[in-house]
Amino acid sequence: MNRFTSDTSLPLGQFYPASPAAGSHKEALMHINSPLFIVDNDGHLSLQLGQGASGSAATLPFTGMVPPCPLEQLGDSTFCRDHGLRYPSVGGSMAKGISSVAMARALGQTGLLGMFGAAGLPYPEV
């Protein structure tokens, strides 16, 4: 083996399994604020929710890791600052009131930029 190849059977490190464990890979992927660890259990890969390890006997080996991806860290932070938002996301409709005022309000109250598309609506309705 040269220095540019690796033995994939060797673990990259240790982690604390989270409790309760996610029931499925799809469920594990829904925990975007937590790191996911890829565990090789006798040739079968699985995703495990966990924490970084600090030497406890209750750790498990992992072969890969997906870092947390909080929504607040996506996109451009200046967009959030400039518009007073928590999340760098926009929601709503473009025209004819397809979404509602209630939807635009709910998006805004959640920390997103919500829009009500009024193009094509009669002026009295707007």
# chains A, B, ... in the order shown; residues from 1 in each chain; ligands from 1
$ closest_atom_pairs --of "region 40-92 of chain A" --to "region 110-120 of chain A" --cutoff "7 Å" --atoms "only C-alpha atoms" --output "Markdown table"
| residue | atom | partner | partner_atom | distance |
| --- | --- | --- | --- | --- |
| A:Leu85 | CA | A:Gly111 | CA | 5.0 |
| A:Arg86 | CA | A:Gly111 | CA | 4.6 |
| A:Tyr87 | CA | A:Leu112 | CA | 5.4 |
| A:Pro88 | CA | A:Leu112 | CA | 6.8 |
| A:Ser89 | CA | A:Leu112 | CA | 5.5 |
| A:Val90 | CA | A:Leu113 | CA | 4.7 |
| A:Gly91 | CA | A:Gly114 | CA | 5.0 |
| A:Gly92 | CA | A:Met115 | CA | 4.7 |
$ write_last_selection --atoms "C-alpha atoms" --output "PDB file, in the first residue's frame"
ATOM      1  CA  LEU A  85     -33.818  37.483   8.773  1.00  0.00           C
ATOM      2  CA  ARG A  86     -32.857  34.366  10.671  1.00  0.00           C
ATOM      3  CA  TYR A  87     -32.635  32.117   7.603  1.00  0.00           C
ATOM      4  CA  PRO A  88     -31.288  33.075   4.151  1.00  0.00           C
ATOM      5  CA  SER A  89     -34.438  31.853   2.394  1.00  0.00           C
ATOM      6  CA  VAL A  90     -37.292  33.381   0.433  1.00  0.00           C
ATOM      7  CA  GLY A  91     -40.783  31.942   0.041  1.00  0.00           C
ATOM      8  CA  GLY A  92     -44.038  32.972  -1.570  1.00  0.00           C
TER       9      GLY A  92
END
$ select_by_dssp --residues "chain A" --states "helix (DSSP H, G or I)" --output "compact mmCIF listing (two decimals) with N, CA, C and O atoms, in the first residue's frame"
# COMPACT_ATOMS: atom_id res chain seq x y z
N HIS A 25 -32.13 5.51 7.87
CA HIS A 25 -31.23 6.48 7.25
C HIS A 25 -31.96 7.77 6.94
O HIS A 25 -31.44 8.86 7.15
N LYS A 26 -33.19 7.66 6.44
CA LYS A 26 -33.98 8.85 6.10
C LYS A 26 -34.23 9.68 7.36
O LYS A 26 -34.09 10.91 7.34
N GLU A 27 -34.57 9.04 8.45
CA GLU A 27 -34.80 9.75 9.71
C GLU A 27 -33.51 10.40 10.21
O GLU A 27 -33.51 11.53 10.68
N ALA A 28 -32.39 9.71 10.08
CA ALA A 28 -31.11 10.26 10.51
C ALA A 28 -30.77 11.51 9.72
O ALA A 28 -30.28 12.50 10.27
N LEU A 29 -31.05 11.51 8.42
CA LEU A 29 -30.76 12.67 7.57
C LEU A 29 -31.61 13.89 7.92
O LEU A 29 -31.25 15.01 7.58
N LEU A 71 -29.61 25.40 9.17
CA LEU A 71 -30.16 26.29 8.15
C LEU A 71 -29.61 27.71 8.27
O LEU A 71 -29.43 28.40 7.27
N GLU A 72 -29.33 28.16 9.48
CA GLU A 72 -28.83 29.51 9.68
C GLU A 72 -27.46 29.72 9.04
O GLU A 72 -27.06 30.85 8.79
N GLN A 73 -26.74 28.64 8.76
CA GLN A 73 -25.40 28.76 8.19
C GLN A 73 -25.37 28.63 6.67
O GLN A 73 -24.31 28.72 6.07
N SER A 77 -24.58 35.41 4.91
CA SER A 77 -24.99 36.02 6.18
C SER A 77 -25.35 37.50 6.01
O SER A 77 -26.16 38.03 6.77
N THR A 78 -24.78 38.17 5.01
CA THR A 78 -25.13 39.59 4.80
C THR A 78 -26.56 39.74 4.31
O THR A 78 -27.21 40.75 4.60
N PHE A 79 -27.08 38.74 3.59
CA PHE A 79 -28.48 38.77 3.16
C PHE A 79 -29.39 38.79 4.39
O PHE A 79 -30.32 39.58 4.48
N CYS A 80 -29.07 37.93 5.36
CA CYS A 80 -29.86 37.89 6.60
C CYS A 80 -29.74 39.21 7.35
O CYS A 80 -30.74 39.75 7.82
N ARG A 81 -28.55 39.70 7.49
CA ARG A 81 -28.34 40.96 8.22
C ARG A 81 -29.08 42.11 7.53
O ARG A 81 -29.78 42.89 8.18
N ASP A 82 -28.96 42.23 6.22
CA ASP A 82 -29.57 43.33 5.49
C ASP A 82 -31.09 43.32 5.55
O ASP A 82 -31.73 44.37 5.51
N HIS A 83 -31.68 42.13 5.64
CA HIS A 83 -33.14 42.00 5.62
C HIS A 83 -33.73 41.64 6.98
O HIS A 83 -34.95 41.43 7.10
N VAL A 101 -51.65 35.87 2.00
CA VAL A 101 -51.06 36.83 2.94
C VAL A 101 -50.66 36.08 4.21
O VAL A 101 -49.59 36.34 4.79
N ALA A 102 -51.48 35.13 4.63
CA ALA A 102 -51.16 34.35 5.83
C ALA A 102 -49.85 33.58 5.66
O ALA A 102 -49.06 33.49 6.60
N MET A 103 -49.60 33.05 4.47
CA MET A 103 -48.36 32.33 4.23
C MET A 103 -47.17 33.28 4.30
O MET A 103 -46.15 32.98 4.94
N ALA A 104 -47.26 34.43 3.66
CA ALA A 104 -46.17 35.41 3.69
C ALA A 104 -45.90 35.86 5.12
O ALA A 104 -44.75 35.99 5.54
N ARG A 105 -46.95 36.07 5.89
CA ARG A 105 -46.82 36.47 7.30
C ARG A 105 -46.14 35.36 8.12
O ARG A 105 -45.23 35.62 8.90
N ALA A 106 -46.57 34.11 7.91
CA ALA A 106 -45.99 32.98 8.65
C ALA A 106 -44.51 32.82 8.31
O ALA A 106 -43.70 32.55 9.20
N LEU A 107 -44.14 32.97 7.06
CA LEU A 107 -42.74 32.90 6.68
C LEU A 107 -41.94 33.98 7.40
O LEU A 107 -40.87 33.72 7.94
N GLY A 108 -42.45 35.20 7.40
CA GLY A 108 -41.77 36.31 8.08
C GLY A 108 -41.63 36.09 9.57
O GLY A 108 -40.59 36.37 10.16
N GLN A 109 -42.67 35.55 10.20
CA GLN A 109 -42.62 35.31 11.64
C GLN A 109 -41.64 34.18 12.00
O GLN A 109 -41.17 34.11 13.12
N THR A 110 -41.34 33.32 11.03
CA THR A 110 -40.40 32.22 11.24
C THR A 110 -38.96 32.65 11.01
O THR A 110 -38.05 31.94 11.37
